[in-house]
file data.cif (mmCIF, C-alpha atoms and all ligand atoms)
data_my_file
#
loop_
_atom_site.group_PDB
_atom_site.id
_atom_site.type_symbol
_atom_site.label_atom_id
_atom_site.label_comp_id
_atom_site.auth_asym_id
_atom_site.auth_seq_id
_atom_site.Cartn_x
_atom_site.Cartn_y
_atom_site.Cartn_z
ATOM 1 C CA MET L 518 96.071 142.306 102.680
ATOM 2 C CA THR L 519 94.344 141.366 105.955
ATOM 3 C CA ASP L 520 96.128 139.098 108.472
ATOM 4 C CA ASN L 521 93.622 136.442 107.633
ATOM 5 C CA ASN L 522 94.488 136.558 103.954
ATOM 6 C CA LYS L 523 98.214 136.526 104.741
ATOM 7 C CA ASN L 524 97.741 133.308 106.721
ATOM 8 C CA LYS L 525 95.634 131.840 103.946
ATOM 9 C CA THR L 526 98.378 132.576 101.423
ATOM 10 C CA LYS L 527 100.967 130.932 103.662
ATOM 11 C CA THR L 528 98.814 127.869 104.247
ATOM 12 C CA ASN L 529 98.338 127.542 100.527
ATOM 13 C CA GLU L 530 101.923 128.210 99.515
ATOM 14 C CA ASP L 531 102.538 124.615 98.396
ATOM 15 C CA PHE L 532 99.383 124.524 96.327
ATOM 16 C CA ASN L 533 99.856 128.022 94.880
ATOM 17 C CA ASN L 534 103.383 127.080 93.793
ATOM 18 C CA SER L 535 102.205 123.822 92.250
ATOM 19 C CA LYS L 536 101.152 123.305 88.650
ATOM 20 C CA TRP L 537 97.594 122.637 89.816
ATOM 21 C CA ALA L 538 97.104 126.304 90.615
ATOM 22 C CA ARG L 539 97.336 127.056 86.864
ATOM 23 C CA GLY L 540 94.088 126.804 84.925
ATOM 24 C CA GLU L 541 95.794 125.659 81.719
ATOM 25 C CA TYR L 542 97.479 122.762 83.558
ATOM 26 C CA ALA L 543 94.132 121.707 85.032
ATOM 27 C CA LYS L 544 92.511 121.768 81.583
ATOM 28 C CA ASP L 545 95.354 119.719 80.071
ATOM 29 C CA TYR L 546 94.898 117.151 82.837
ATOM 30 C CA ILE L 547 91.167 116.870 82.199
ATOM 31 C CA GLU L 548 91.895 116.241 78.510
ATOM 32 C CA CYS L 549 94.677 113.691 79.047
ATOM 33 C CA ALA L 550 93.836 111.937 82.342
ATOM 34 C CA ASP L 551 92.723 108.678 80.690
ATOM 35 C CA ILE L 552 96.058 108.490 78.877
ATOM 36 C CA LEU L 553 98.333 109.470 81.753
ATOM 37 C CA ILE L 554 96.559 107.123 84.152
ATOM 38 C CA PRO L 555 96.067 104.097 81.948
ATOM 39 C CA GLU L 556 94.334 102.222 84.801
ATOM 40 C CA ARG L 557 91.720 104.929 85.275
ATOM 41 C CA GLY L 558 88.906 103.016 83.562
ATOM 42 C CA ALA L 559 89.671 99.880 85.588
ATOM 43 C CA PHE L 560 89.731 101.973 88.777
ATOM 44 C CA PHE L 561 86.327 103.402 87.979
ATOM 45 C CA GLU L 562 84.879 99.937 87.363
ATOM 46 C CA VAL L 563 86.144 98.799 90.779
ATOM 47 C CA PHE L 564 84.830 102.020 92.363
ATOM 48 C CA LYS L 565 81.333 101.541 90.931
ATOM 49 C CA SER L 566 81.302 97.922 91.966
ATOM 50 C CA PHE L 567 82.557 98.917 95.453
ATOM 51 C CA TYR L 568 79.598 101.308 95.621
ATOM 52 C CA THR L 569 76.825 99.023 94.381
ATOM 53 C CA ASP L 570 78.010 95.621 95.651
ATOM 54 C CA TYR L 571 79.825 96.428 98.912
ATOM 55 C CA PHE L 572 78.862 99.904 100.146
ATOM 56 C CA LEU L 573 75.111 100.126 99.346
ATOM 57 C CA PRO L 574 74.075 96.698 100.719
ATOM 58 C CA ARG L 575 75.875 97.516 103.998
ATOM 59 C CA ASN L 576 74.680 101.084 104.275
ATOM 60 C CA GLN L 577 71.878 101.764 106.755
ATOM 61 C CA SER L 578 71.006 105.241 105.462
ATOM 62 C CA PRO L 579 67.773 106.170 103.803
ATOM 63 C CA GLN L 580 67.789 106.505 100.071
ATOM 64 C CA VAL L 581 70.014 109.512 99.418
ATOM 65 C CA GLN L 582 73.705 108.945 100.041
ATOM 66 C CA ASN L 583 75.838 111.894 101.074
ATOM 67 C CA VAL L 584 79.187 111.672 99.319
ATOM 68 C CA LEU L 585 82.239 113.917 99.727
ATOM 69 C CA ASP L 586 84.888 113.948 96.988
ATOM 70 C CA LEU L 587 88.251 115.318 98.151
ATOM 71 C CA GLY L 588 90.464 116.737 95.402
ATOM 72 C CA SER L 589 87.585 116.249 92.983
ATOM 73 C CA GLY L 590 89.111 117.802 89.877
ATOM 74 C CA ASP L 591 86.216 118.340 87.467
ATOM 75 C CA GLY L 592 84.026 115.871 89.383
ATOM 76 C CA THR L 593 84.855 112.660 87.533
ATOM 77 C CA LEU L 594 84.346 110.349 90.531
ATOM 78 C CA ILE L 595 80.859 111.705 91.227
ATOM 79 C CA LYS L 596 80.015 111.479 87.525
ATOM 80 C CA GLU L 597 80.988 107.790 87.645
ATOM 81 C CA LEU L 598 78.787 107.173 90.722
ATOM 82 C CA LEU L 599 75.833 108.912 89.082
ATOM 83 C CA GLU L 600 76.066 106.313 86.308
ATOM 84 C CA VAL L 601 75.086 103.608 88.813
ATOM 85 C CA SER L 602 72.843 105.561 91.195
ATOM 86 C CA SER L 603 70.926 108.825 90.971
ATOM 87 C CA ASN L 604 70.356 109.034 94.748
ATOM 88 C CA ILE L 605 73.534 110.900 95.498
ATOM 89 C CA ASN L 606 74.034 114.231 97.153
ATOM 90 C CA ALA L 607 77.612 115.349 96.559
ATOM 91 C CA THR L 608 79.985 117.779 98.209
ATOM 92 C CA ILE L 609 82.845 118.541 95.874
ATOM 93 C CA LEU L 610 86.119 119.946 97.196
ATOM 94 C CA ASP L 611 89.215 121.032 95.309
ATOM 95 C CA ALA L 612 91.808 123.768 95.662
ATOM 96 C CA GLY L 613 91.825 124.569 91.932
ATOM 97 C CA GLU L 614 89.399 127.276 90.790
ATOM 98 C CA THR L 615 89.316 125.907 87.256
ATOM 99 C CA MET L 616 88.511 122.433 88.576
ATOM 100 C CA ILE L 617 85.663 123.663 90.782
ATOM 101 C CA GLU L 618 84.261 125.733 87.887
ATOM 102 C CA GLN L 619 84.375 122.704 85.567
ATOM 103 C CA ALA L 620 82.629 120.573 88.198
ATOM 104 C CA LYS L 621 79.921 123.210 88.678
ATOM 105 C CA GLN L 622 79.302 123.251 84.928
ATOM 106 C CA ARG L 623 79.185 119.463 84.779
ATOM 107 C CA PHE L 624 76.577 119.241 87.553
ATOM 108 C CA SER L 625 74.679 122.436 86.755
ATOM 109 C CA GLY L 626 71.292 120.692 87.127
ATOM 110 C CA LYS L 627 72.090 119.333 90.594
ATOM 111 C CA GLU L 628 70.933 122.110 92.873
ATOM 112 C CA ASP L 629 71.701 120.341 96.129
ATOM 113 C CA PHE L 630 75.365 119.730 95.316
ATOM 114 C CA ALA L 631 77.810 121.767 97.417
ATOM 115 C CA TYR L 632 81.202 123.085 96.242
ATOM 116 C CA VAL L 633 84.173 123.945 98.428
ATOM 117 C CA LEU L 634 87.226 125.759 97.040
ATOM 118 C CA ALA L 635 89.892 124.861 99.591
ATOM 119 C CA THR L 636 93.224 123.146 100.033
ATOM 120 C CA PHE L 637 93.613 120.102 102.281
ATOM 121 C CA GLU L 638 95.969 122.272 104.347
ATOM 122 C CA GLU L 639 93.137 124.735 105.031
ATOM 123 C CA LEU L 640 90.917 121.890 106.232
ATOM 124 C CA LEU L 641 93.701 120.744 108.525
ATOM 125 C CA ASP L 642 94.476 124.140 110.052
ATOM 126 C CA GLY L 643 90.760 124.744 110.559
ATOM 127 C CA SER L 644 90.556 127.863 108.357
ATOM 128 C CA VAL L 645 87.946 126.122 106.172
ATOM 129 C CA GLU L 646 85.323 123.669 107.385
ATOM 130 C CA VAL L 647 83.628 121.105 105.204
ATOM 131 C CA PRO L 648 79.890 121.802 105.474
ATOM 132 C CA LEU L 649 78.074 118.719 106.756
ATOM 133 C CA PRO L 650 75.254 117.435 104.572
ATOM 134 C CA LYS L 651 71.841 118.988 105.248
ATOM 135 C CA ASN L 652 69.781 117.055 107.797
ATOM 136 C CA ASP L 653 72.583 114.632 108.443
ATOM 137 C CA LYS L 654 75.335 114.097 110.963
ATOM 138 C CA GLY L 655 78.055 113.120 108.533
ATOM 139 C CA PHE L 656 78.929 111.628 105.156
ATOM 140 C CA ASP L 657 78.033 108.091 104.117
ATOM 141 C CA LEU L 658 81.008 107.923 101.776
ATOM 142 C CA ILE L 659 84.179 109.955 101.363
ATOM 143 C CA CYS L 660 86.122 109.295 98.186
ATOM 144 C CA SER L 661 89.198 110.723 96.569
ATOM 145 C CA ALA L 662 91.232 110.091 93.443
ATOM 146 C CA LEU L 663 94.825 111.029 92.739
ATOM 147 C CA ALA L 664 94.860 114.004 95.086
ATOM 148 C CA ILE L 665 95.821 112.997 98.638
ATOM 149 C CA HIS L 666 99.355 112.116 97.484
ATOM 150 C CA HIS L 667 99.908 115.889 97.212
ATOM 151 C CA ILE L 668 100.307 116.117 100.987
ATOM 152 C CA ASP L 669 103.064 114.522 103.079
ATOM 153 C CA ALA L 670 102.763 111.660 105.574
ATOM 154 C CA ASN L 671 101.854 113.885 108.550
ATOM 155 C CA GLY L 672 99.276 115.655 106.423
ATOM 156 C CA LYS L 673 97.817 112.341 105.263
ATOM 157 C CA LYS L 674 97.516 111.100 108.840
ATOM 158 C CA ALA L 675 95.777 114.312 109.889
ATOM 159 C CA LEU L 676 93.498 114.219 106.837
ATOM 160 C CA PHE L 677 92.516 110.583 107.478
ATOM 161 C CA SER L 678 91.673 111.555 111.052
ATOM 162 C CA LEU L 679 89.487 114.413 109.789
ATOM 163 C CA ILE L 680 87.857 112.046 107.294
ATOM 164 C CA LYS L 681 86.958 109.743 110.170
ATOM 165 C CA LYS L 682 85.319 112.669 112.002
ATOM 166 C CA LEU L 683 83.361 113.693 108.908
ATOM 167 C CA LEU L 684 82.048 110.165 108.278
ATOM 168 C CA LYS L 685 78.931 108.811 109.931
ATOM 169 C CA LYS L 686 79.283 105.737 112.068
ATOM 170 C CA GLY L 687 79.433 102.933 109.532
ATOM 171 C CA GLY L 688 80.607 105.346 106.800
ATOM 172 C CA PHE L 689 83.151 104.332 104.169
ATOM 173 C CA PHE L 690 86.358 105.889 102.859
ATOM 174 C CA ILE L 691 88.005 104.980 99.576
ATOM 175 C CA ASN L 692 91.110 106.571 98.096
ATOM 176 C CA MET L 693 92.378 105.780 94.610
ATOM 177 C CA ASP L 694 95.873 107.160 94.465
ATOM 178 C CA THR L 695 99.494 107.047 93.434
ATOM 179 C CA VAL L 696 101.595 105.089 95.903
ATOM 180 C CA LEU L 697 105.324 104.743 96.433
ATOM 181 C CA ALA L 698 106.738 101.333 95.525
ATOM 182 C CA PRO L 699 108.576 99.599 98.382
ATOM 183 C CA SER L 700 111.855 99.491 96.400
ATOM 184 C CA LYS L 701 113.538 101.430 93.609
ATOM 185 C CA ALA L 702 113.666 98.332 91.396
ATOM 186 C CA LEU L 703 109.913 97.865 91.722
ATOM 187 C CA GLU L 704 109.265 101.540 91.114
ATOM 188 C CA ASP L 705 111.350 101.448 87.924
ATOM 189 C CA PHE L 706 109.419 98.400 86.742
ATOM 190 C CA TYR L 707 106.036 100.014 87.533
ATOM 191 C CA LEU L 708 107.019 103.207 85.745
ATOM 192 C CA GLN L 709 108.068 101.275 82.648
ATOM 193 C CA LEU L 710 104.736 99.480 82.709
ATOM 194 C CA ARG L 711 102.924 102.770 82.993
ATOM 195 C CA ALA L 712 104.973 104.439 80.254
ATOM 196 C CA LYS L 713 104.228 101.598 77.822
ATOM 197 C CA ARG L 714 100.495 101.554 78.541
ATOM 198 C CA SER L 715 100.238 105.364 78.444
ATOM 199 C CA GLU L 716 101.966 105.495 75.099
ATOM 200 C CA GLN L 717 99.694 102.800 73.649
ATOM 201 C CA LYS L 718 96.641 104.756 74.832
ATOM 202 C CA ARG L 719 97.989 108.033 73.471
ATOM 203 C CA ILE L 720 98.614 106.548 70.037
ATOM 204 C CA LEU L 721 95.164 104.914 69.961
ATOM 205 C CA ALA L 722 93.558 108.227 70.940
ATOM 206 C CA ARG L 723 95.671 109.996 68.244
ATOM 207 C CA ILE L 724 96.643 112.780 70.627
ATOM 208 C CA SER L 725 100.013 114.382 70.010
ATOM 209 C CA LYS L 726 99.750 117.119 72.654
ATOM 210 C CA ASP L 727 102.964 117.306 74.694
ATOM 211 C CA TYR L 728 101.131 117.159 78.015
ATOM 212 C CA CYS L 729 99.821 113.716 77.081
ATOM 213 C CA LYS L 730 103.251 112.286 76.372
ATOM 214 C CA PHE L 731 104.397 110.265 79.311
ATOM 215 C CA THR L 732 107.345 111.818 81.065
ATOM 216 C CA ASP L 733 108.784 110.745 84.377
ATOM 217 C CA ARG L 734 106.736 113.427 86.155
ATOM 218 C CA HIS L 735 106.066 110.896 88.928
ATOM 219 C CA LYS L 736 109.687 111.442 89.929
ATOM 220 C CA ASP L 737 109.419 115.254 90.013
ATOM 221 C CA LYS L 738 110.861 116.468 93.309
ATOM 222 C CA GLU L 739 107.643 118.194 94.337
ATOM 223 C CA HIS L 740 105.669 115.035 93.648
ATOM 224 C CA HIS L 741 107.980 112.271 94.754
ATOM 225 C CA ALA L 742 108.827 113.840 98.127
ATOM 226 C CA LYS L 743 105.265 113.441 99.362
ATOM 227 C CA ILE L 744 104.048 110.074 98.112
ATOM 228 C CA ASP L 745 103.943 107.179 100.591
ATOM 229 C CA THR L 746 103.745 103.421 100.328
ATOM 230 C CA LEU L 747 100.404 101.656 100.233
ATOM 231 C CA SER L 748 101.226 99.694 103.388
ATOM 232 C CA SER L 749 102.072 102.837 105.385
ATOM 233 C CA GLN L 750 98.793 104.496 104.377
ATOM 234 C CA MET L 751 96.764 101.410 105.257
ATOM 235 C CA GLU L 752 98.572 101.269 108.588
ATOM 236 C CA MET L 753 97.594 104.913 109.244
ATOM 237 C CA LEU L 754 93.936 104.009 108.715
ATOM 238 C CA GLU L 755 94.208 100.995 111.009
ATOM 239 C CA THR L 756 95.950 103.023 113.717
ATOM 240 C CA LEU L 757 93.152 105.581 113.532
ATOM 241 C CA GLY L 758 90.611 102.822 114.158
ATOM 242 C CA PHE L 759 89.159 102.263 110.688
ATOM 243 C CA SER L 760 87.970 98.691 110.206
ATOM 244 C CA GLU L 761 88.031 96.403 107.136
ATOM 245 C CA VAL L 762 91.060 98.302 105.875
ATOM 246 C CA ASP L 763 92.080 96.765 102.591
ATOM 247 C CA CYS L 764 93.472 97.379 99.131
ATOM 248 C CA TYR L 765 90.638 96.901 96.631
ATOM 249 C CA PHE L 766 92.728 97.271 93.485
ATOM 250 C CA LYS L 767 96.364 97.775 92.558
ATOM 251 C CA ARG L 768 98.331 98.110 89.378
ATOM 252 C CA GLY L 769 101.895 99.385 89.501
ATOM 253 C CA ILE L 770 102.011 102.775 91.201
ATOM 254 C CA PHE L 771 98.198 103.070 91.319
ATOM 255 C CA ALA L 772 96.158 101.620 94.179
ATOM 256 C CA ALA L 773 92.677 101.896 95.689
ATOM 257 C CA TYR L 774 92.413 101.355 99.419
ATOM 258 C CA GLY L 775 90.177 102.391 102.286
ATOM 259 C CA GLY L 776 88.177 101.329 105.313
ATOM 260 C CA VAL L 777 85.023 101.716 107.356
ATOM 261 C CA LYS L 778 84.381 103.926 110.393
ATOM 262 C CA PRO L 779 83.112 101.406 112.962
HETATM 263 C C1 LIG U 801 95.396 114.434 89.391
HETATM 264 S S1 LIG U 801 94.111 115.547 89.770
HETATM 265 C C2 LIG U 801 92.788 114.430 90.189
HETATM 266 C C3 LIG U 801 91.424 115.028 89.975
HETATM 267 C C4 LIG U 801 90.245 114.059 90.080
HETATM 268 N N1 LIG U 801 90.124 113.512 91.402
HETATM 269 C C5 LIG U 801 90.378 112.960 89.042
HETATM 270 O O1 LIG U 801 90.567 111.802 89.433
HETATM 271 O O2 LIG U 801 90.259 113.261 87.849
HETATM 272 C C6 LIG U 801 94.611 116.177 91.347
HETATM 273 C C7 LIG U 801 93.625 117.188 91.950
HETATM 274 O O3 LIG U 801 94.041 117.494 93.286
HETATM 275 C C8 LIG U 801 93.893 118.879 93.496
HETATM 276 N N2 LIG U 801 94.860 119.251 94.555
HETATM 277 C C9 LIG U 801 96.213 119.213 94.482
HETATM 278 N N3 LIG U 801 96.763 119.603 95.647
HETATM 279 C C10 LIG U 801 95.730 119.891 96.477
HETATM 280 C C11 LIG U 801 95.657 120.363 97.816
HETATM 281 N N4 LIG U 801 96.757 120.606 98.523
HETATM 282 N N5 LIG U 801 94.427 120.543 98.365
HETATM 283 C C12 LIG U 801 93.295 120.293 97.639
HETATM 284 N N6 LIG U 801 93.308 119.862 96.350
HETATM 285 C C13 LIG U 801 94.515 119.665 95.786
HETATM 286 C C14 LIG U 801 94.184 119.519 92.154
HETATM 287 O O4 LIG U 801 93.631 120.816 92.027
HETATM 288 C C15 LIG U 801 93.560 118.512 91.193
HETATM 289 O O5 LIG U 801 92.230 118.813 90.882
#
call {"tool": "encode", "arguments": {"input": "data.cif", "output": "structure tokens"}}
result
Amino acid sequence: MTDNNKNKTKTNEDFNNSKWARGEYAKDYIECADILIPERGAFFEVFKSFYTDYFLPRNQSPQVQNVLDLGSGDGTLIKELLEVSSNINATILDAGETMIEQAKQRFSGKEDFAYVLATFEELLDGSVEVPLPKNDKGFDLICSALAIHHIDANGKKALFSLIKKLLKKGGFFINMDTVLAPSKALEDFYLQLRAKRSEQKRILARISKDYCKFTDRHKDKEHHAKIDTLSSQMEMLETLGFSEVDCYFKRGIFAAYGGVKP
């Protein structure tokens, strides 16, 4: 093993030890995501409306919008955007090989799309760089869903700072993610809400697979140690100089928030 590879392995230790490094886990997630995240459809509606009714009218760029999806999974967010606009050039980044392969298959006709197999940690230590869009100085939009909570508060701050660098002036960031409730009582309430709605969805979808049964995986040590409150993440964006920082949607432990690079 070269020194470089040793460092890469160390950087990626958290990811490699996580369930996301396993292809089967990734495939189970793809199959059950709409059940485990009962608000997913509502999130996507807000996201598409954010794009067409708030982002596009304010965006100065020529027709094609350069969009980066961080922690893309199989590319669901970009698929949703393509439903409302075909003028999108996407860069899709995830640390999971299975996820990147699934995304490549999904967008096989889109020759200009770029794929980056990398962890957030590699972006932060500079061992991997996100390629900037061709003929452009930065991204118009950077989006993410249910992925940034996998890094701790310092990592989030550093990632938000990198996001600001990668955005064009006037570019937008939106993150739809799991957030920590401000008290245990609220968290217990939110988790009950989620469990009930997940179970209803699972029964309606007639899926009995164990992965799809709601368990308290939100409280898993590996998971719970890194999630942060919505207010602390919005404060990070404000401190970094993002403007119009706001929460666009929230239900229980799920929230969508972001801001604009002035
Ligand atoms: C819950 S899935 C969300 C996928 C997709 N955004 C969606 O909404 O369907 C979390 C994704 O984050 C990726 N991920 C987890 N930890 C990561 C890390 N440290 N760096 C980059 N990606 C990571 C996983 O591989 C997985 O695809």
call {"tool": "closest_atom_pairs", "arguments": {"input": "data.cif", "of": "chain L", "to": "ligand LIG 801 (chain U)", "cutoff": "9 Å", "atoms": "all atoms listed in the file", "output": "Markdown table"}}
result
| residue | atom | partner | partner_atom | distance |
| --- | --- | --- | --- | --- |
| L:Asn529 | CA | U:LIG801 | N4 | 7.4 |
| L:Asp531 | CA | U:LIG801 | N4 | 7.0 |
| L:Phe532 | CA | U:LIG801 | N4 | 5.2 |
| L:Asn533 | CA | U:LIG801 | N4 | 8.8 |
| L:Ser535 | CA | U:LIG801 | N3 | 7.7 |
| L:Lys536 | CA | U:LIG801 | O4 | 8.6 |
| L:Trp537 | CA | U:LIG801 | O4 | 4.9 |
| L:Ala538 | CA | U:LIG801 | O4 | 6.6 |
| L:Arg539 | CA | U:LIG801 | O4 | 8.9 |
| L:Ala543 | CA | U:LIG801 | O5 | 6.8 |
| L:Tyr546 | CA | U:LIG801 | C1 | 7.1 |
| L:Ile547 | CA | U:LIG801 | O2 | 6.8 |
| L:Ala550 | CA | U:LIG801 | O2 | 6.7 |
| L:Asp551 | CA | U:LIG801 | O2 | 8.9 |
| L:Arg557 | CA | U:LIG801 | O1 | 8.1 |
| L:Asp586 | CA | U:LIG801 | N1 | 7.7 |
| L:Leu587 | CA | U:LIG801 | N6 | 7.0 |
| L:Gly588 | CA | U:LIG801 | O3 | 4.2 |
| L:Ser589 | CA | U:LIG801 | N1 | 4.1 |
| L:Gly590 | CA | U:LIG801 | O5 | 3.4 |
| L:Asp591 | CA | U:LIG801 | C4 | 6.4 |
| L:Gly592 | CA | U:LIG801 | C4 | 6.5 |
| L:Thr593 | CA | U:LIG801 | O2 | 5.4 |
| L:Leu594 | CA | U:LIG801 | O1 | 6.5 |
| L:Leu610 | CA | U:LIG801 | C12 | 7.2 |
| L:Asp611 | CA | U:LIG801 | N6 | 4.4 |
| L:Ala612 | CA | U:LIG801 | N6 | 4.2 |
| L:Gly613 | CA | U:LIG801 | O4 | 4.2 |
| L:Glu614 | CA | U:LIG801 | O4 | 7.8 |
| L:Thr615 | CA | U:LIG801 | O4 | 8.2 |
| L:Met616 | CA | U:LIG801 | O5 | 5.7 |
| L:Ile617 | CA | U:LIG801 | O5 | 8.2 |
| L:Leu634 | CA | U:LIG801 | C12 | 8.2 |
| L:Ala635 | CA | U:LIG801 | C12 | 6.0 |
| L:Thr636 | CA | U:LIG801 | N5 | 3.3 |
| L:Phe637 | CA | U:LIG801 | N5 | 4.0 |
| L:Glu638 | CA | U:LIG801 | N4 | 6.1 |
| L:Glu639 | CA | U:LIG801 | N5 | 8.0 |
| L:Leu640 | CA | U:LIG801 | N5 | 8.7 |
| L:Cys660 | CA | U:LIG801 | N1 | 8.9 |
| L:Ser661 | CA | U:LIG801 | N1 | 5.9 |
| L:Ala662 | CA | U:LIG801 | N1 | 4.1 |
| L:Leu663 | CA | U:LIG801 | C2 | 4.7 |
| L:Ala664 | CA | U:LIG801 | O3 | 4.0 |
| L:Ile665 | CA | U:LIG801 | O3 | 7.2 |
| L:His666 | CA | U:LIG801 | N3 | 8.1 |
| L:His667 | CA | U:LIG801 | N3 | 5.1 |
| L:Ile668 | CA | U:LIG801 | N4 | 6.2 |
| L:Met693 | CA | U:LIG801 | O1 | 8.1 |
| L:Asp694 | CA | U:LIG801 | O1 | 8.7 |
call {"tool": "atom_distance", "arguments": {"input": "data.cif", "atom1": "atom CA of L:Phe677", "atom2": "atom CA of L:Tyr765"}}
result
17.6 Å
call {"tool": "resolve_selection", "arguments": {"input": "data.cif", "expression": "the PyMOL selection byres (((chain L and resi 722-729) around 9) and not hetatm)", "output": "list in words"}}
result
Tyr542, Asp545, Tyr546, Glu548, Cys549, Ala550, Ile552, Leu553, Ser715, Glu716, Gln717, Lys718, Arg719, Ile720, Leu721, Lys730, Phe731 and Thr732 of chain L
call {"tool": "closest_residue", "arguments": {"input": "data.cif", "among": "L:Ala742, L:Asn604, L:Gly776, L:Gly540", "to": "L:Glu618", "atoms": "all atoms listed in the file"}}
result
L:Gly540
call {"tool": "resolve_selection", "arguments": {"input": "data.cif", "expression": "the PyMOL selection byres (((chain L and resi 580) around 12) and not hetatm)", "output": "ChimeraX atom specification"}}
result
/L:573-574,576-579,581-583,602-606,657
call {"tool": "atom_distance", "arguments": {"input": "data.cif", "atom1": "atom CA of L:Phe771", "atom2": "atom CA of L:Thr695"}}
result
4.7 Å
call {"tool": "atom_distance", "arguments": {"input": "data.cif", "atom1": "atom CA of L:Arg575", "atom2": "atom CA of L:Phe690"}}
result
13.5 Å
call {"tool": "closest_residue", "arguments": {"input": "data.cif", "among": "L:His740, L:Lys778, L:Lys596, L:Lys654", "to": "L:Val696", "atoms": "only C-alpha atoms"}}
result
L:His740
call {"tool": "resolve_selection", "arguments": {"input": "data.cif", "expression": "the PyMOL selection byres (((chain L and resi 756) around 12) and not hetatm)", "output": "ChimeraX atom specification"}}
result
/L:674-675,677-678,681,749-755,757-760,762,776
call {"tool": "write_last_selection", "arguments": {"input": "data.cif", "atoms": "C-alpha atoms", "output": "PDB file, keeping the file's coordinate frame"}}
result
ATOM      1  CA  LYS L 674      97.516 111.100 108.840  1.00  0.00           C
ATOM      2  CA  ALA L 675      95.777 114.312 109.889  1.00  0.00           C
ATOM      3  CA  PHE L 677      92.516 110.583 107.478  1.00  0.00           C
ATOM      4  CA  SER L 678      91.673 111.555 111.052  1.00  0.00           C
ATOM      5  CA  LYS L 681      86.958 109.743 110.170  1.00  0.00           C
ATOM      6  CA  SER L 749     102.072 102.837 105.385  1.00  0.00           C
ATOM      7  CA  GLN L 750      98.793 104.496 104.377  1.00  0.00           C
ATOM      8  CA  MET L 751      96.764 101.410 105.257  1.00  0.00           C
ATOM      9  CA  GLU L 752      98.572 101.269 108.588  1.00  0.00           C
ATOM     10  CA  MET L 753      97.594 104.913 109.244  1.00  0.00           C
ATOM     11  CA  LEU L 754      93.936 104.009 108.715  1.00  0.00           C
ATOM     12  CA  GLU L 755      94.208 100.995 111.009  1.00  0.00           C
ATOM     13  CA  LEU L 757      93.152 105.581 113.532  1.00  0.00           C
ATOM     14  CA  GLY L 758      90.611 102.822 114.158  1.00  0.00           C
ATOM     15  CA  PHE L 759      89.159 102.263 110.688  1.00  0.00           C
ATOM     16  CA  SER L 760      87.970  98.691 110.206  1.00  0.00           C
ATOM     17  CA  VAL L 762      91.060  98.302 105.875  1.00  0.00           C
ATOM     18  CA  GLY L 776      88.177 101.329 105.313  1.00  0.00           C
TER      19      GLY L 776
END
call {"tool": "residues_near_point", "arguments": {"input": "data.cif", "point": "(86.7, 102.4, 92.7)", "cutoff": "12 Å", "atoms": "only C-alpha atoms", "output": "PyMOL selection string"}}
result
chain L and resi 556-572+593-595+597-598+659-663+690-694+764-767+771-775
call {"tool": "write_last_selection", "arguments": {"input": "data.cif", "atoms": "C-alpha atoms", "output": "mmCIF file, in the coordinates of the input"}}
result
data_model
loop_
_atom_site.group_PDB
_atom_site.id
_atom_site.type_symbol
_atom_site.label_atom_id
_atom_site.label_comp_id
_atom_site.auth_asym_id
_atom_site.auth_seq_id
_atom_site.Cartn_x
_atom_site.Cartn_y
_atom_site.Cartn_z
ATOM 1 C CA GLU L 556 94.334 102.222 84.801
ATOM 2 C CA ARG L 557 91.720 104.929 85.275
ATOM 3 C CA GLY L 558 88.906 103.016 83.562
ATOM 4 C CA ALA L 559 89.671 99.880 85.588
ATOM 5 C CA PHE L 560 89.731 101.973 88.777
ATOM 6 C CA PHE L 561 86.327 103.402 87.979
ATOM 7 C CA GLU L 562 84.879 99.937 87.363
ATOM 8 C CA VAL L 563 86.144 98.799 90.779
ATOM 9 C CA PHE L 564 84.830 102.020 92.363
ATOM 10 C CA LYS L 565 81.333 101.541 90.931
ATOM 11 C CA SER L 566 81.302 97.922 91.966
ATOM 12 C CA PHE L 567 82.557 98.917 95.453
ATOM 13 C CA TYR L 568 79.598 101.308 95.621
ATOM 14 C CA THR L 569 76.825 99.023 94.381
ATOM 15 C CA ASP L 570 78.010 95.621 95.651
ATOM 16 C CA TYR L 571 79.825 96.428 98.912
ATOM 17 C CA PHE L 572 78.862 99.904 100.146
ATOM 18 C CA THR L 593 84.855 112.660 87.533
ATOM 19 C CA LEU L 594 84.346 110.349 90.531
ATOM 20 C CA ILE L 595 80.859 111.705 91.227
ATOM 21 C CA GLU L 597 80.988 107.790 87.645
ATOM 22 C CA LEU L 598 78.787 107.173 90.722
ATOM 23 C CA ILE L 659 84.179 109.955 101.363
ATOM 24 C CA CYS L 660 86.122 109.295 98.186
ATOM 25 C CA SER L 661 89.198 110.723 96.569
ATOM 26 C CA ALA L 662 91.232 110.091 93.443
ATOM 27 C CA LEU L 663 94.825 111.029 92.739
ATOM 28 C CA PHE L 690 86.358 105.889 102.859
ATOM 29 C CA ILE L 691 88.005 104.980 99.576
ATOM 30 C CA ASN L 692 91.110 106.571 98.096
ATOM 31 C CA MET L 693 92.378 105.780 94.610
ATOM 32 C CA ASP L 694 95.873 107.160 94.465
ATOM 33 C CA CYS L 764 93.472 97.379 99.131
ATOM 34 C CA TYR L 765 90.638 96.901 96.631
ATOM 35 C CA PHE L 766 92.728 97.271 93.485
ATOM 36 C CA LYS L 767 96.364 97.775 92.558
ATOM 37 C CA PHE L 771 98.198 103.070 91.319
ATOM 38 C CA ALA L 772 96.158 101.620 94.179
ATOM 39 C CA ALA L 773 92.677 101.896 95.689
ATOM 40 C CA TYR L 774 92.413 101.355 99.419
ATOM 41 C CA GLY L 775 90.177 102.391 102.286
#
call {"tool": "closest_residue", "arguments": {"input": "data.cif", "among": "L:Leu658, L:Gly643, L:Lys627, L:Phe706", "to": "L:Leu676", "atoms": "all atoms listed in the file"}}
result
L:Gly643
